[in-house]
Amino acid sequence: MSPKLRIISMSNCNLTGDIMNDLIKGCSRRDMQLALENLDIHGNNLGNIDGTLLGSLLIMSPKLRIISMSNCNLTGDIMNDLIKGCSRRDMQLALENLDIHGNNLGNIDGTLLGSLLIMSPKLNNLTMMNCTLSDDVVDLLIRECTKKRVIISLSSRHSQSRVLKTR
């Protein structure tokens, strides 16, 4: 991957988690910092992607503002690993728009999801429609954000969230 590449659009192209893992490992081995601003990998089968590696892609891409990973067979465990990987680095992400709708995130940790919003101070749109989120997950998300004085406006609970920061 070119370190100057700003946009990756590989939607609906039979991309697999293994391919993404290899791509991210290659960048990690070269200790690259990427100029990536927009990552669109929706509609691929990423069910076996390593969430920790995916989190390292976010860390290697400090300008990454838009991520579309809808309908990718992501699980709550993958997202949990992604968030844990980012939070270990104690850094803020540049994310403004995160679309993860159509994935099976039923076992995502709502507190961790809240911490993703907190470490993404510019995030103003999180799309989570059809993600099998339980009320408990959403409640934990809201509780974590409230603790950190981040206000979330949910439109049609479990669907799309507008994130408003009040720090």
# chains A, B, ... in the order shown; residues from 1 in each chain; ligands from 1
>>> select_by_dssp(residues="range 45-157 of chain A", states="helix (DSSP H, G or I)", output="ChimeraX atom specification")
/A:51-60,76-87,110-118,135-147
>>> residues_around(residues="Gly114 in chain A", least_positions_apart="6", cutoff="12 Å", atoms="only C-alpha atoms", output="mmCIF file with N, CA and C atoms, in the first residue's frame")
data_model
loop_
_atom_site.group_PDB
_atom_site.id
_atom_site.type_symbol
_atom_site.label_atom_id
_atom_site.label_comp_id
_atom_site.auth_asym_id
_atom_site.auth_seq_id
_atom_site.Cartn_x
_atom_site.Cartn_y
_atom_site.Cartn_z
ATOM 1 N N MET A 79 -15.038 -6.111 16.553
ATOM 2 C CA MET A 79 -15.098 -4.693 16.921
ATOM 3 C C MET A 79 -14.491 -4.456 18.300
ATOM 4 N N ASN A 80 -14.734 -5.358 19.251
ATOM 5 C CA ASN A 80 -14.138 -5.222 20.579
ATOM 6 C C ASN A 80 -12.617 -5.204 20.478
ATOM 7 N N ILE A 83 -11.360 -1.895 18.989
ATOM 8 C CA ILE A 83 -11.414 -0.787 19.955
ATOM 9 C C ILE A 83 -10.337 -0.940 21.011
ATOM 10 N N LYS A 84 -10.147 -2.159 21.515
ATOM 11 C CA LYS A 84 -9.098 -2.393 22.524
ATOM 12 C C LYS A 84 -7.726 -2.043 21.952
ATOM 13 N N SER A 87 -7.437 1.710 21.930
ATOM 14 C CA SER A 87 -7.414 2.348 23.248
ATOM 15 C C SER A 87 -6.112 2.073 23.991
ATOM 16 N N ILE A 108 -21.113 -7.187 21.036
ATOM 17 C CA ILE A 108 -20.168 -6.087 21.244
ATOM 18 C C ILE A 108 -20.322 -5.578 22.676
ATOM 19 N N SER A 120 -12.829 9.308 19.642
ATOM 20 C CA SER A 120 -13.055 9.875 18.309
ATOM 21 C C SER A 120 -13.808 11.197 18.462
ATOM 22 N N PRO A 121 -13.143 12.246 18.912
ATOM 23 C CA PRO A 121 -13.839 13.492 19.236
ATOM 24 C C PRO A 121 -14.516 14.174 18.046
ATOM 25 N N LEU A 123 -16.093 12.414 15.636
ATOM 26 C CA LEU A 123 -17.130 11.522 15.120
ATOM 27 C C LEU A 123 -18.493 12.164 15.291
ATOM 28 N N LEU A 126 -22.509 7.735 13.378
ATOM 29 C CA LEU A 126 -22.245 6.314 13.570
ATOM 30 C C LEU A 126 -23.497 5.574 13.116
ATOM 31 N N VAL A 137 -26.676 -3.346 25.452
ATOM 32 C CA VAL A 137 -25.495 -2.798 24.782
ATOM 33 C C VAL A 137 -25.660 -1.295 24.585
ATOM 34 N N VAL A 138 -26.819 -0.893 24.120
ATOM 35 C CA VAL A 138 -27.070 0.531 23.883
ATOM 36 C C VAL A 138 -27.037 1.294 25.198
ATOM 37 N N ASP A 139 -27.600 0.712 26.256
ATOM 38 C CA ASP A 139 -27.572 1.372 27.565
ATOM 39 C C ASP A 139 -26.147 1.547 28.070
ATOM 40 N N LEU A 140 -25.298 0.522 27.906
ATOM 41 C CA LEU A 140 -23.894 0.646 28.319
ATOM 42 C C LEU A 140 -23.170 1.712 27.502
ATOM 43 N N LEU A 141 -23.458 1.762 26.211
ATOM 44 C CA LEU A 141 -22.885 2.798 25.344
ATOM 45 C C LEU A 141 -23.259 4.181 25.867
ATOM 46 N N ILE A 142 -24.522 4.375 26.147
ATOM 47 C CA ILE A 142 -24.991 5.679 26.629
ATOM 48 C C ILE A 142 -24.373 6.001 27.986
ATOM 49 N N ARG A 143 -24.319 5.026 28.865
ATOM 50 C CA ARG A 143 -23.743 5.240 30.204
ATOM 51 C C ARG A 143 -22.274 5.658 30.116
ATOM 52 N N GLU A 144 -21.497 4.974 29.269
ATOM 53 C CA GLU A 144 -20.070 5.292 29.122
ATOM 54 C C GLU A 144 -19.891 6.705 28.570
ATOM 55 N N CYS A 145 -20.681 7.060 27.589
ATOM 56 C CA CYS A 145 -20.579 8.398 26.996
ATOM 57 C C CYS A 145 -21.013 9.469 27.988
ATOM 58 N N THR A 146 -22.040 9.191 28.760
ATOM 59 C CA THR A 146 -22.525 10.155 29.744
ATOM 60 C C THR A 146 -21.455 10.421 30.803
ATOM 61 N N LYS A 147 -20.747 9.357 31.217
ATOM 62 C CA LYS A 147 -19.660 9.519 32.191
ATOM 63 C C LYS A 147 -18.616 10.509 31.699
ATOM 64 N N LYS A 148 -18.362 10.493 30.402
ATOM 65 C CA LYS A 148 -17.325 11.345 29.805
ATOM 66 C C LYS A 148 -17.895 12.619 29.196
ATOM 67 N N ARG A 149 -19.170 12.902 29.467
ATOM 68 C CA ARG A 149 -19.847 14.108 29.019
ATOM 69 C C ARG A 149 -19.924 14.197 27.493
ATOM 70 N N VAL A 150 -20.161 13.067 26.862
ATOM 71 C CA VAL A 150 -20.391 12.998 25.422
ATOM 72 C C VAL A 150 -21.881 12.710 25.237
ATOM 73 N N ILE A 151 -22.554 13.584 24.542
ATOM 74 C CA ILE A 151 -23.994 13.433 24.344
ATOM 75 C C ILE A 151 -24.250 12.731 23.020
ATOM 76 N N ILE A 152 -25.109 11.735 23.070
ATOM 77 C CA ILE A 152 -25.466 10.981 21.861
ATOM 78 C C ILE A 152 -26.938 11.218 21.575
ATOM 79 N N SER A 161 -26.895 6.983 14.825
ATOM 80 C CA SER A 161 -26.604 7.847 15.959
ATOM 81 C C SER A 161 -25.881 9.098 15.486
ATOM 82 N N VAL A 163 -23.561 11.914 17.015
ATOM 83 C CA VAL A 163 -22.739 12.063 18.209
ATOM 84 C C VAL A 163 -22.385 13.531 18.372
#
>>> residues_around(residues="range 60-72 of chain A", least_positions_apart="2", cutoff="8 Å", atoms="only C-alpha atoms", output="VMD selection string")
chain A and resid 28 32 to 47 56 to 58 74 93 to 103
>>> atom_distance(atom1="CA of Met20 in chain A", atom2="CA of Asp50 in chain A")
8.7 Å
>>> select_by_dssp(residues="range 17-164 of chain A", states="strand (DSSP E or B)", output="ChimeraX atom specification")
/A:38-40,45,66-68,75,97-99,104,125-127,150-155,160-164
>>> closest_residue(among="A:Asn21, A:Ser115, A:Asn107, A:Asp31", to="Asp136 in chain A", atoms="only C-alpha atoms")
A:Asn107
>>> atom_distance(atom1="CA of Gly76 in chain A", atom2="CA of Gly106 in chain A")
6.1 Å
